[in-house]
file model_30.txt (compact mmCIF, C-alpha atoms (C1' of nucleotides))
# COMPACT_ATOMS: atom_id res chain seq x y z
CA MET A 1 8.49 9.27 37.51
CA ALA A 2 7.54 5.62 37.16
CA ARG A 3 3.88 4.77 37.38
CA PRO A 4 1.59 7.80 37.59
CA LEU A 5 -1.48 7.94 39.84
CA LYS A 6 -3.65 8.07 36.80
CA PRO A 7 -2.70 6.53 33.46
CA LEU A 8 -1.26 9.07 31.07
CA LEU A 9 -2.36 7.10 28.08
CA SER A 10 -5.28 5.14 26.73
CA ARG A 11 -5.95 3.25 23.55
CA ALA A 12 -8.28 6.03 22.43
CA MET A 13 -5.62 8.68 23.00
CA ILE A 14 -3.08 6.66 21.05
CA VAL A 15 -5.44 6.14 18.16
CA ASP A 16 -6.37 9.81 18.05
CA ALA A 17 -2.78 10.96 18.17
CA ALA A 18 -1.77 8.49 15.49
CA LEU A 19 -4.54 9.59 13.17
CA HIS A 20 -3.61 13.21 13.78
CA LEU A 21 -0.02 12.46 12.90
CA ILE A 22 -0.98 10.65 9.73
CA ASP A 23 -3.36 13.39 8.62
CA LYS A 24 -0.56 15.90 8.93
CA GLY A 25 1.25 13.89 6.28
CA ARG A 26 4.05 13.09 8.70
CA PRO A 27 5.63 9.64 8.74
CA PHE A 28 3.85 7.39 11.20
CA THR A 29 6.55 6.22 13.61
CA ILE A 30 6.36 5.10 17.20
CA PRO A 31 8.90 7.67 18.42
CA ALA A 32 6.95 10.50 16.74
CA LEU A 33 3.76 9.19 18.29
CA GLY A 34 5.33 9.06 21.72
CA GLN A 35 6.64 12.56 21.40
CA HIS A 36 3.25 13.85 20.34
CA LEU A 37 1.76 12.25 23.45
CA GLY A 38 4.53 13.53 25.71
CA VAL A 39 5.61 10.02 26.56
CA HIS A 40 8.44 7.63 25.90
CA PRO A 41 8.01 5.29 22.92
CA SER A 42 8.10 2.20 25.08
CA SER A 43 5.17 3.42 27.14
CA LEU A 44 2.83 2.80 24.26
CA TYR A 45 3.37 -0.92 24.55
CA HIS A 46 1.48 -1.01 27.83
CA HIS A 47 -1.69 -0.17 25.95
CA VAL A 48 -1.15 -1.55 22.51
CA SER A 49 0.64 -4.56 21.10
CA GLY A 50 2.49 -2.56 18.48
CA ARG A 51 2.37 -0.36 15.45
CA GLN A 52 0.26 -2.80 13.49
CA GLU A 53 -2.45 -2.90 16.11
CA ILE A 54 -2.60 0.86 16.20
CA LEU A 55 -3.32 0.91 12.48
CA GLU A 56 -5.91 -1.80 12.92
CA LEU A 57 -7.58 0.21 15.68
CA ILE A 58 -7.65 3.26 13.45
CA ARG A 59 -9.33 1.26 10.73
CA GLU A 60 -11.85 -0.04 13.19
CA GLN A 61 -12.64 3.38 14.59
CA LEU A 62 -13.03 4.90 11.16
CA LEU A 63 -15.17 2.26 9.59
CA MET A 64 -17.32 1.92 12.67
CA SER A 65 -17.54 5.58 13.64
CA GLY A 66 -21.17 5.82 12.50
CA ALA A 67 -22.01 2.36 13.76
CA THR A 68 -22.51 2.98 17.45
CA SER A 69 -26.21 2.57 16.86
CA ALA A 70 -25.81 -0.33 14.48
CA PRO A 71 -27.70 -3.28 15.98
CA ALA A 72 -26.79 -5.57 13.10
CA THR A 73 -30.07 -5.13 11.31
CA PRO A 74 -30.58 -7.67 8.58
CA PRO A 75 -30.45 -5.96 5.21
CA SER A 76 -33.75 -5.01 3.64
CA GLY A 77 -34.67 -3.28 0.42
CA PRO A 78 -32.84 -3.57 -2.88
CA TRP A 79 -29.26 -4.82 -2.71
CA GLN A 80 -28.09 -1.63 -4.38
CA ASP A 81 -29.05 0.27 -1.24
CA SER A 82 -26.86 -1.98 0.88
CA VAL A 83 -23.96 -1.44 -1.46
CA ARG A 84 -24.49 2.32 -1.44
CA ASP A 85 -24.61 2.36 2.36
CA TRP A 86 -21.43 0.37 2.54
CA ALA A 87 -19.78 2.54 -0.10
CA GLN A 88 -20.74 5.73 1.65
CA LYS A 89 -19.41 4.57 4.99
CA TYR A 90 -16.25 3.31 3.38
CA ARG A 91 -15.69 6.43 1.34
CA SER A 92 -16.52 9.12 3.85
CA SER A 93 -14.17 7.47 6.29
CA PHE A 94 -11.20 7.72 3.99
CA ALA A 95 -12.00 10.98 2.21
CA GLU A 96 -10.93 12.91 5.29
CA HIS A 97 -7.81 10.83 5.80
CA PRO A 98 -6.25 10.33 2.38
CA HIS A 99 -2.80 9.60 3.75
CA LEU A 100 -4.17 6.77 5.81
CA VAL A 101 -5.16 4.57 2.92
CA ARG A 102 -1.70 3.55 1.84
CA LEU A 103 -0.81 2.56 5.39
CA LEU A 104 -3.86 0.37 5.69
CA THR A 105 -3.25 -1.49 2.44
CA ALA A 106 -0.19 -3.05 4.06
CA GLN A 107 -2.15 -5.49 6.13
CA THR A 108 -5.22 -7.68 6.09
CA VAL A 109 -8.51 -6.82 7.67
CA GLU A 110 -8.81 -8.53 11.03
CA SER A 111 -11.24 -6.33 12.87
CA LEU A 112 -14.43 -8.16 13.75
CA PRO A 113 -16.84 -5.23 13.29
CA VAL A 114 -15.36 -4.58 9.88
CA LEU A 115 -15.83 -8.20 8.94
CA GLN A 116 -19.40 -7.94 10.10
CA SER A 117 -20.05 -5.10 7.71
CA TYR A 118 -18.83 -7.38 4.93
CA GLU A 119 -21.22 -10.00 6.24
CA THR A 120 -24.14 -7.59 6.06
CA LEU A 121 -23.30 -6.87 2.47
CA ALA A 122 -22.91 -10.55 1.69
CA GLN A 123 -26.36 -11.25 3.08
CA ALA A 124 -27.92 -8.52 1.00
CA LEU A 125 -26.31 -9.84 -2.16
CA ARG A 126 -27.21 -13.44 -1.41
CA THR A 127 -30.83 -12.55 -0.69
CA ALA A 128 -30.99 -10.58 -3.92
CA GLY A 129 -30.15 -13.69 -5.91
CA PHE A 130 -26.41 -13.57 -6.44
CA THR A 131 -24.84 -17.01 -6.24
CA PRO A 132 -22.32 -17.59 -3.41
CA VAL A 133 -19.42 -17.38 -5.81
CA GLN A 134 -20.86 -14.19 -7.27
CA VAL A 135 -21.20 -12.78 -3.77
CA GLN A 136 -17.53 -13.36 -3.18
CA MET A 137 -16.55 -11.86 -6.53
CA ALA A 138 -18.86 -8.89 -6.23
CA ILE A 139 -17.54 -7.95 -2.80
CA THR A 140 -13.99 -8.35 -4.02
CA VAL A 141 -14.73 -6.17 -7.03
CA LEU A 142 -16.32 -3.47 -4.91
CA ASP A 143 -13.54 -3.69 -2.38
CA ASN A 144 -10.88 -3.36 -5.07
CA PHE A 145 -12.64 -0.45 -6.69
CA PHE A 146 -13.07 1.32 -3.37
CA LEU A 147 -9.48 0.75 -2.42
CA GLY A 148 -8.21 2.09 -5.74
CA SER A 149 -10.57 5.05 -5.46
CA ALA A 150 -9.42 5.76 -1.94
CA LEU A 151 -5.80 5.77 -3.05
CA ASP A 152 -6.91 8.12 -5.81
CA LEU A 153 -7.90 10.63 -3.13
CA ALA A 154 -4.24 11.13 -2.28
CA ALA A 155 -3.31 11.62 -5.93
CA PRO A 156 -1.71 14.90 -7.02
CA GLU A 157 -3.82 17.67 -8.56
CA GLU A 158 -2.62 16.79 -12.04
CA VAL A 159 -3.13 13.07 -12.40
CA TRP A 160 -1.90 12.89 -15.97
CA GLN A 161 0.75 15.12 -17.48
CA THR A 162 -1.04 15.98 -20.70
CA SER A 163 0.93 19.15 -21.36
CA GLN A 164 3.18 17.26 -23.76
CA PHE A 165 0.33 16.60 -26.17
CA PRO A 166 -2.36 19.23 -25.63
CA ASP A 167 -4.38 18.20 -28.70
CA SER A 168 -5.03 14.68 -27.46
CA ALA A 169 -8.37 13.23 -26.48
CA LEU A 170 -6.96 12.73 -23.01
CA ALA A 171 -5.99 16.38 -22.67
CA ALA A 172 -9.45 17.46 -23.79
CA ALA A 173 -11.07 15.14 -21.28
CA VAL A 174 -8.89 16.46 -18.47
CA ARG A 175 -9.50 20.06 -19.50
CA GLU A 176 -13.26 19.77 -19.15
CA SER A 177 -13.14 17.89 -15.88
CA PRO A 178 -12.81 19.11 -12.31
CA THR A 179 -9.58 18.60 -10.40
CA GLY A 180 -8.55 17.44 -6.95
CA VAL A 181 -11.09 15.88 -4.63
CA GLU A 182 -13.98 16.92 -6.86
CA ARG A 183 -12.52 14.91 -9.71
CA ALA A 184 -11.94 11.88 -7.51
CA ASP A 185 -15.46 12.09 -6.10
CA ALA A 186 -17.11 12.44 -9.48
CA ALA A 187 -15.24 9.45 -10.82
CA PHE A 188 -16.12 7.43 -7.75
CA GLU A 189 -19.84 8.13 -8.15
CA PHE A 190 -19.67 7.36 -11.84
CA GLY A 191 -17.89 4.09 -11.23
CA LEU A 192 -20.23 3.04 -8.46
CA LYS A 193 -23.20 3.67 -10.70
CA ALA A 194 -21.63 1.65 -13.48
CA LEU A 195 -20.84 -1.22 -11.14
CA LEU A 196 -24.38 -1.33 -9.76
CA ILE A 197 -25.77 -1.55 -13.27
CA GLY A 198 -23.22 -4.10 -14.40
CA LEU A 199 -23.53 -6.33 -11.35
CA GLU A 200 -27.32 -6.30 -11.63
CA ALA A 201 -26.99 -7.51 -15.22
CA LEU A 202 -24.74 -10.36 -14.13
CA ARG A 203 -26.79 -11.36 -11.11
CA GLY A 204 -27.88 -14.98 -10.79
CA PRO A 205 -26.74 -18.26 -12.35
CA ALA A 206 -25.15 -17.76 -15.75
CA MET B 1 39.56 -7.22 -1.18
CA ALA B 2 38.98 -3.58 -2.15
CA ARG B 3 38.41 -2.82 -5.82
CA PRO B 4 38.13 -5.89 -8.03
CA LEU B 5 39.62 -6.05 -11.50
CA LYS B 6 36.19 -6.24 -12.96
CA PRO B 7 33.11 -4.70 -11.34
CA LEU B 8 31.13 -7.24 -9.34
CA LEU B 9 27.91 -5.31 -9.81
CA SER B 10 25.93 -3.43 -12.43
CA ARG B 11 22.63 -1.60 -12.43
CA ALA B 12 21.07 -4.45 -14.38
CA MET B 13 22.26 -7.00 -11.85
CA ILE B 14 20.90 -4.94 -9.00
CA VAL B 15 17.52 -4.51 -10.66
CA ASP B 16 17.27 -8.19 -11.44
CA ALA B 17 18.23 -9.23 -7.96
CA ALA B 18 15.81 -6.74 -6.42
CA LEU B 19 12.93 -7.97 -8.54
CA HIS B 20 13.83 -11.53 -7.68
CA LEU B 21 13.82 -10.68 -4.00
CA ILE B 22 10.47 -8.92 -4.23
CA ASP B 23 8.91 -11.75 -6.18
CA LYS B 24 9.96 -14.17 -3.47
CA GLY B 25 7.77 -12.16 -1.13
CA ARG B 26 10.76 -11.27 1.02
CA PRO B 27 11.01 -7.76 2.41
CA PHE B 28 12.90 -5.54 0.03
CA THR B 29 15.86 -4.32 2.08
CA ILE B 30 19.30 -3.18 1.06
CA PRO B 31 21.10 -5.68 3.31
CA ALA B 32 19.07 -8.54 1.85
CA LEU B 33 19.81 -7.29 -1.63
CA GLY B 34 23.52 -7.10 -0.88
CA GLN B 35 23.56 -10.57 0.54
CA HIS B 36 21.78 -11.97 -2.48
CA LEU B 37 24.43 -10.38 -4.67
CA GLY B 38 27.27 -11.57 -2.45
CA VAL B 39 28.31 -8.04 -1.67
CA HIS B 40 28.26 -5.61 1.20
CA PRO B 41 25.22 -3.31 1.40
CA SER B 42 27.29 -0.19 0.95
CA SER B 43 28.67 -1.45 -2.36
CA LEU B 44 25.30 -0.91 -4.01
CA TYR B 45 25.64 2.83 -3.62
CA HIS B 46 28.42 2.88 -6.18
CA HIS B 47 25.89 1.96 -8.85
CA VAL B 48 22.63 3.32 -7.61
CA SER B 49 21.57 6.38 -5.63
CA GLY B 50 19.50 4.37 -3.19
CA ARG B 51 16.52 2.17 -2.57
CA GLN B 52 14.09 4.52 -4.24
CA GLU B 53 16.03 4.59 -7.49
CA ILE B 54 16.13 0.81 -7.58
CA LEU B 55 12.34 0.72 -7.45
CA GLU B 56 12.14 3.35 -10.15
CA LEU B 57 14.48 1.30 -12.34
CA ILE B 58 12.32 -1.76 -11.85
CA ARG B 59 9.26 0.14 -12.95
CA GLU B 60 11.06 1.42 -15.99
CA GLN B 61 12.21 -2.05 -16.98
CA LEU B 62 8.72 -3.46 -16.61
CA LEU B 63 7.11 -0.72 -18.65
CA MET B 64 9.76 -1.06 -21.34
CA SER B 65 9.19 -4.77 -21.74
CA GLY B 66 5.48 -4.11 -22.12
CA ALA B 67 6.03 -1.35 -24.67
CA THR B 68 8.14 -3.37 -27.07
CA SER B 69 5.26 -5.67 -27.85
CA ALA B 70 2.79 -2.84 -28.21
CA PRO B 71 2.67 -1.15 -31.62
CA ALA B 72 0.80 2.14 -31.47
CA THR B 73 -2.27 1.13 -33.43
CA PRO B 74 -5.13 3.61 -33.52
CA PRO B 75 -8.20 2.18 -31.82
CA SER B 76 -10.72 0.43 -34.01
CA GLY B 77 -13.71 -1.74 -33.30
CA PRO B 78 -15.95 -1.46 -30.24
CA TRP B 79 -14.58 0.53 -27.30
CA GLN B 80 -14.90 -2.54 -25.12
CA ASP B 81 -12.10 -4.18 -27.08
CA SER B 82 -9.81 -1.24 -26.41
CA VAL B 83 -10.56 -1.48 -22.72
CA ARG B 84 -9.90 -5.21 -22.69
CA ASP B 85 -6.58 -4.72 -24.47
CA TRP B 86 -5.58 -2.09 -22.01
CA ALA B 87 -6.68 -4.22 -19.09
CA GLN B 88 -4.71 -7.19 -20.32
CA LYS B 89 -1.52 -5.20 -20.75
CA TYR B 90 -1.98 -3.59 -17.38
CA ARG B 91 -2.74 -6.80 -15.60
CA SER B 92 -0.13 -9.05 -17.16
CA SER B 93 2.57 -6.55 -16.21
CA PHE B 94 1.80 -6.95 -12.55
CA ALA B 95 0.35 -10.45 -12.39
CA GLU B 96 3.85 -11.92 -12.39
CA HIS B 97 5.06 -9.49 -9.75
CA PRO B 98 2.20 -9.16 -7.29
CA HIS B 99 4.36 -8.01 -4.42
CA LEU B 100 5.76 -5.22 -6.51
CA VAL B 101 2.51 -3.31 -6.80
CA ARG B 102 2.41 -2.05 -3.25
CA LEU B 103 5.99 -0.86 -3.45
CA LEU B 104 5.32 1.08 -6.63
CA THR B 105 2.13 2.79 -5.46
CA ALA B 106 4.31 4.96 -3.26
CA GLN B 107 5.10 7.20 -6.20
CA THR B 108 3.26 8.53 -9.23
CA VAL B 109 4.27 7.53 -12.71
CA GLU B 110 4.45 9.86 -15.69
CA SER B 111 6.23 7.72 -18.24
CA LEU B 112 5.43 8.68 -21.81
CA PRO B 113 4.61 5.20 -23.15
CA VAL B 114 2.14 4.73 -20.33
CA LEU B 115 0.48 8.05 -21.03
CA GLN B 116 0.20 7.07 -24.68
CA SER B 117 -1.69 3.94 -23.74
CA TYR B 118 -4.11 6.15 -21.81
CA GLU B 119 -4.46 8.32 -24.88
CA THR B 120 -5.33 5.34 -27.04
CA LEU B 121 -8.05 4.41 -24.61
CA ALA B 122 -9.32 7.97 -24.44
CA GLN B 123 -9.65 8.09 -28.22
CA ALA B 124 -11.59 4.85 -28.28
CA LEU B 125 -13.99 6.09 -25.62
CA ARG B 126 -14.44 9.49 -27.24
CA THR B 127 -15.12 7.95 -30.63
CA ALA B 128 -17.64 5.60 -29.08
CA GLY B 129 -19.71 8.53 -27.86
CA PHE B 130 -18.58 9.14 -24.29
CA THR B 131 -18.46 12.84 -23.44
CA PRO B 132 -15.03 14.28 -22.57
CA VAL B 133 -15.89 14.37 -18.88
CA GLN B 134 -17.13 10.79 -19.08
CA VAL B 135 -13.89 9.79 -20.77
CA GLN B 136 -11.94 11.20 -17.86
CA MET B 137 -14.20 9.53 -15.30
CA ALA B 138 -14.27 6.19 -17.08
CA ILE B 139 -10.48 6.00 -17.33
CA THR B 140 -10.16 6.95 -13.69
CA VAL B 141 -12.68 4.30 -12.72
CA LEU B 142 -10.89 1.62 -14.72
CA ASP B 143 -7.53 2.74 -13.39
CA ASN B 144 -8.74 2.61 -9.81
CA PHE B 145 -10.31 -0.79 -10.28
CA PHE B 146 -7.16 -2.14 -11.91
CA LEU B 147 -4.95 -0.79 -9.19
CA GLY B 148 -7.13 -2.24 -6.47
CA SER B 149 -7.24 -5.55 -8.30
CA ALA B 150 -3.47 -5.56 -8.74
CA LEU B 151 -3.03 -5.07 -5.02
CA ASP B 152 -5.50 -7.90 -4.55
CA LEU B 153 -3.06 -10.22 -6.31
CA ALA B 154 -0.78 -10.00 -3.31
CA ALA B 155 -3.56 -10.68 -0.84
CA PRO B 156 -3.14 -13.62 1.51
CA GLU B 157 -4.83 -16.93 0.75
CA GLU B 158 -7.52 -16.16 3.30
CA VAL B 159 -8.75 -12.69 2.48
CA TRP B 160 -11.38 -12.66 5.18
CA GLN B 161 -11.16 -14.48 8.48
CA THR B 162 -14.54 -16.13 8.41
CA SER B 163 -13.64 -18.89 10.83
CA GLN B 164 -15.23 -16.96 13.66
CA PHE B 165 -18.69 -17.19 12.11
CA PRO B 166 -18.75 -20.20 9.83
CA ASP B 167 -22.51 -20.04 9.28
CA SER B 168 -22.42 -16.59 7.70
CA ALA B 169 -23.24 -15.75 4.12
CA LEU B 170 -19.69 -14.50 3.76
CA ALA B 171 -18.23 -17.79 4.93
CA ALA B 172 -20.44 -19.70 2.50
CA ALA B 173 -19.38 -17.45 -0.35
CA VAL B 174 -15.73 -17.93 0.49
CA ARG B 175 -16.15 -21.66 0.87
CA GLU B 176 -17.49 -22.11 -2.64
CA SER B 177 -14.94 -19.83 -4.27
CA PRO B 178 -11.43 -20.52 -5.46
CA THR B 179 -8.48 -19.15 -3.52
CA GLY B 180 -5.23 -17.42 -4.31
CA VAL B 181 -4.54 -16.10 -7.79
CA GLU B 182 -7.51 -17.95 -9.21
CA ARG B 183 -9.82 -16.07 -6.90
CA ALA B 184 -8.24 -12.72 -7.76
CA ASP B 185 -8.39 -13.43 -11.48
CA ALA B 186 -12.01 -14.55 -11.39
CA ALA B 187 -13.01 -11.43 -9.49
CA PHE B 188 -11.06 -9.27 -11.90
CA GLU B 189 -12.81 -10.75 -14.93
CA PHE B 190 -16.19 -10.45 -13.21
CA GLY B 191 -15.58 -6.82 -12.33
CA LEU B 192 -14.30 -5.94 -15.77
CA LYS B 193 -17.39 -7.46 -17.32
CA ALA B 194 -19.64 -5.53 -14.95
CA LEU B 195 -17.83 -2.28 -15.67
CA LEU B 196 -18.09 -2.74 -19.42
CA ILE B 197 -21.83 -3.26 -19.11
CA GLY B 198 -22.32 -0.41 -16.69
CA LEU B 199 -20.21 2.08 -18.61
CA GLU B 200 -22.00 1.21 -21.83
CA ALA B 201 -25.31 1.99 -20.11
CA LEU B 202 -24.01 5.37 -18.96
CA ARG B 203 -22.42 6.31 -22.28
CA GLY B 204 -23.36 9.64 -23.85
CA PRO B 205 -24.92 12.86 -22.55
CA ALA B 206 -27.17 12.26 -19.55
C1' DA C 1 -0.90 -1.58 36.39
C1' DC C 2 1.91 1.74 34.02
C1' DC C 3 5.97 4.87 32.89
C1' DT C 4 10.99 4.91 32.32
C1' DG C 5 15.36 4.16 30.18
C1' DA C 6 18.62 1.04 28.67
C1' DA C 7 19.14 -2.41 25.29
C1' DC C 8 18.54 -5.27 21.03
C1' DA C 9 18.23 -6.25 16.34
C1' DC C 10 17.25 -4.11 12.69
C1' DC C 11 16.99 -0.21 8.77
C1' DG C 12 19.06 3.17 4.74
C1' DT C 13 22.90 5.79 3.85
C1' DT C 14 27.67 7.98 4.20
C1' DC C 15 32.50 7.92 3.92
C1' DA C 16 37.37 7.20 4.64
C1' DA C 17 40.51 3.53 3.52
C1' DG C 18 42.27 0.39 0.41
C1' DT C 19 43.50 -1.23 -4.50
C1' DA D 1 36.31 3.47 -10.34
C1' DC D 2 34.66 0.16 -7.00
C1' DC D 3 34.48 -2.87 -2.76
C1' DT D 4 35.05 -2.81 2.25
C1' DG D 5 33.92 -1.99 6.97
C1' DA D 6 33.11 1.20 10.39
C1' DA D 7 29.88 4.64 11.60
C1' DC D 8 25.58 7.47 11.90
C1' DA D 9 20.92 8.39 12.63
C1' DC D 10 17.20 6.17 12.56
C1' DC D 11 13.41 2.21 13.27
C1' DG D 12 10.02 -1.21 16.27
C1' DT D 13 10.08 -3.79 20.22
C1' DT D 14 11.54 -5.92 24.82
C1' DC D 15 12.31 -5.84 29.59
C1' DA D 16 14.02 -5.04 34.21
C1' DA D 17 13.52 -1.36 37.46
C1' DG D 18 10.79 1.71 39.78
C1' DT D 19 6.22 3.27 42.06
call {"tool": "encode", "arguments": {"input": "model_30.txt", "output": "structure tokens"}}
result
Amino acid sequence: MARPLKPLLSRAMIVDAALHLIDKGRPFTIPALGQHLGVHPSSLYHHVSGRQEILELIREQLLMSGATSAPATPPSGPWQDSVRDWAQKYRSSFAEHPHLVRLLTAQTVESLPVLQSYETLAQALRTAGFTPVQVQMAITVLDNFFLGSALDLAAPEEVWQTSQFPDSALAAAVRESPTGVERADAAFEFGLKALLIGLEALRGPA
Amino acid sequence: MARPLKPLLSRAMIVDAALHLIDKGRPFTIPALGQHLGVHPSSLYHHVSGRQEILELIREQLLMSGATSAPATPPSGPWQDSVRDWAQKYRSSFAEHPHLVRLLTAQTVESLPVLQSYETLAQALRTAGFTPVQVQMAITVLDNFFLGSALDLAAPEEVWQTSQFPDSALAAAVRESPTGVERADAAFEFGLKALLIGLEALRGPA
DNA sequence: ACCTGAACACCGTTCAAGT
DNA sequence: ACCTGAACACCGTTCAAGT
């Protein structure tokens, strides 16, 4: 067969197929990806440097999916709005791909557009009066919380096995709460609200 | 060589060696583990069912060591103290084994001692006036933040590659901040403080 | 440039052979 | 029972050969 008249693959096709594979809960392997694309595993390397880059491209596509019209506007308005924008983008991207999160925690963020979204947030925080060190800590805190919350999306229906002590405060709390994605979403909103309040209280030189 | 007069291995030896390997930041593989123990990879399977069980044994050992120093005292004093206690226990368990966290997030944990520490926290929050649903959300929020922060402990020295735009607010924030574990710890403390403030503000029926 | 297929250096795990 | 070493079914990645 050798080289076809028209390329059988493209980076976009590879990224789409990979995401599809991951969303199905299947292990993300190069052979499986090749098979899904009707191509030999080694063919992928003509378009992509390797497995790691594929994951990085997925991250980029997801976090930037709504950003085609993003002309890097300097942040305006209260800093809380910038955080909420960032949170929403972050969260909605991963909510539909819960299995993806664990794969992405394996490596560092290298994508330039993603870094730029951090920069936007940093500017908003700095302008609002957070010190540089606080900017770094606040972004780290938000990032950590978002990451943990994203992993929480892939958690089982029953997060805690309270059946062993049904009269506990924990069991009561679980009983009155929603389950599944609803539970994860409610907790995320609650935590975000708490963080916005808490960070505002800590804003500025000590 | 065949069977030695005295076993060369034991479960404890395997667990110790595995943890040692992980803490060195080396990839946790069976061949590497065998080599470190001066034994062929296949020998391990006489003592352990496989890689997964080794990780489970490590978790168990870590949780045990934390539980011995933790008498089940009913919560007293402000709820913030209970949260701080919980946070400290949680964090110190993983702070010495940062590379372990990612390996253990692959599975859920339902160990009884761990659940009991959640229950203690739930009681403190309930007593303090959080509604049952808020108790569930608050614990989830803290859990997510702690997990994200634990993963952060294994982050590379340079979390964000700001070298490409050295004049950014992000670069300035990074420049004035500590690096490594110091950075992760500072952010953790900052985030915990913010959460305690924010959760206090949200406490009670809306 | 782009797909193929053989090849390489790895994995985790199994199992018959030896004592 | 417990270690060995060969073997199996996988990985991710490389590369010469083909068009």
call {"tool": "interface_residues", "arguments": {"input": "model_30.txt", "of": "chain A", "to": "chain C", "cutoff": "8 Å", "atoms": "all atoms listed in the file", "output": "MDAnalysis selection string"}}
result
chainID A and resid 1:4 7 40 43 46
call {"tool": "interface_residues", "arguments": {"input": "model_30.txt", "of": "chain B", "to": "chain A", "cutoff": "7 Å", "atoms": "all atoms listed in the file", "output": "PyMOL selection string"}}
result
chain B and resi 110+119+122-123+132-133+135-137+140-141+144-145+147-149+160-161+168-170+172-174+176-177+187-188+190-191+194-195+197-199
call {"tool": "axis_aligned_box", "arguments": {"input": "model_30.txt", "around": "stretch 1-10 of chain C", "padding_each_side": "6 Å", "output": "AutoDock Vina command-line options"}}
result
--center_x 9.1 --center_y -0.7 --center_z 24.5 --size_x 32.0 --size_y 23.2 --size_z 35.7
call {"tool": "atom_distance", "arguments": {"input": "model_30.txt", "atom1": "atom CA of B:Val101", "atom2": "atom CA of B:Leu62"}}
result
11.6 Å
call {"tool": "residues_around", "arguments": {"input": "model_30.txt", "residues": "B:Asp16", "least_positions_apart": "2", "cutoff": "12 Å", "atoms": "all atoms listed in the file", "output": "number ranges by chain"}}
result
B: 9-14, 18-23, 33, 36-37, 54-55, 57-59, 61-62
call {"tool": "atom_distance", "arguments": {"input": "model_30.txt", "atom1": "atom CA of A:Leu100", "atom2": "atom CA of B:Thr29"}}
result
23.2 Å
call {"tool": "atom_distance", "arguments": {"input": "model_30.txt", "atom1": "atom CA of B:Glu182", "atom2": "atom CA of B:Ala95"}}
result
11.3 Å
call {"tool": "closest_residue", "arguments": {"input": "model_30.txt", "among": "B:Ala32, B:Leu5, B:Leu63, B:Ala206", "to": "B:Phe94", "atoms": "only C-alpha atoms"}}
result
B:Leu63
call {"tool": "decode", "arguments": {"input": "model_30.txt", "residues": "stretch 76-113 of chain B", "atoms": "C-alpha atoms", "output": "PDB file, in the first residue's frame"}}
result
ATOM      1  CA  SER B  76     -14.360  19.083  70.654  1.00  0.00           C
ATOM      2  CA  GLY B  77     -13.550  22.730  70.203  1.00  0.00           C
ATOM      3  CA  PRO B  78     -14.133  24.726  67.016  1.00  0.00           C
ATOM      4  CA  TRP B  79     -14.744  22.733  63.840  1.00  0.00           C
ATOM      5  CA  GLN B  80     -11.720  24.375  62.268  1.00  0.00           C
ATOM      6  CA  ASP B  81      -9.482  22.474  64.669  1.00  0.00           C
ATOM      7  CA  SER B  82     -10.993  19.178  63.578  1.00  0.00           C
ATOM      8  CA  VAL B  83     -10.375  20.068  59.965  1.00  0.00           C
ATOM      9  CA  ARG B  84      -6.786  21.043  60.693  1.00  0.00           C
ATOM     10  CA  ASP B  85      -6.179  17.773  62.536  1.00  0.00           C
ATOM     11  CA  TRP B  86      -7.606  15.833  59.674  1.00  0.00           C
ATOM     12  CA  ALA B  87      -5.595  17.813  57.160  1.00  0.00           C
ATOM     13  CA  GLN B  88      -2.381  17.247  59.043  1.00  0.00           C
ATOM     14  CA  LYS B  89      -2.894  13.500  59.270  1.00  0.00           C
ATOM     15  CA  TYR B  90      -3.848  13.335  55.635  1.00  0.00           C
ATOM     16  CA  ARG B  91      -0.965  15.432  54.460  1.00  0.00           C
ATOM     17  CA  SER B  92       1.806  13.969  56.568  1.00  0.00           C
ATOM     18  CA  SER B  93       0.915  10.500  55.316  1.00  0.00           C
ATOM     19  CA  PHE B  94       1.669  11.475  51.770  1.00  0.00           C
ATOM     20  CA  ALA B  95       4.191  14.262  52.196  1.00  0.00           C
ATOM     21  CA  GLU B  96       6.966  11.720  52.676  1.00  0.00           C
ATOM     22  CA  HIS B  97       5.839   9.675  49.701  1.00  0.00           C
ATOM     23  CA  PRO B  98       4.832  12.193  47.052  1.00  0.00           C
ATOM     24  CA  HIS B  99       5.287   9.828  44.147  1.00  0.00           C
ATOM     25  CA  LEU B 100       2.991   7.325  45.750  1.00  0.00           C
ATOM     26  CA  VAL B 101      -0.124   9.452  45.479  1.00  0.00           C
ATOM     27  CA  ARG B 102      -0.579   9.111  41.756  1.00  0.00           C
ATOM     28  CA  LEU B 103      -0.171   5.364  41.925  1.00  0.00           C
ATOM     29  CA  LEU B 104      -2.800   5.059  44.633  1.00  0.00           C
ATOM     30  CA  THR B 105      -5.423   7.258  42.977  1.00  0.00           C
ATOM     31  CA  ALA B 106      -5.994   4.432  40.535  1.00  0.00           C
ATOM     32  CA  GLN B 107      -8.234   2.688  43.032  1.00  0.00           C
ATOM     33  CA  THR B 108     -10.781   3.703  45.631  1.00  0.00           C
ATOM     34  CA  VAL B 109     -10.165   3.117  49.298  1.00  0.00           C
ATOM     35  CA  GLU B 110     -12.740   1.886  51.779  1.00  0.00           C
ATOM     36  CA  SER B 111     -10.600   1.094  54.796  1.00  0.00           C
ATOM     37  CA  LEU B 112     -12.494   1.319  58.060  1.00  0.00           C
ATOM     38  CA  PRO B 113     -10.012   3.486  59.986  1.00  0.00           C
TER      39      PRO B 113
END
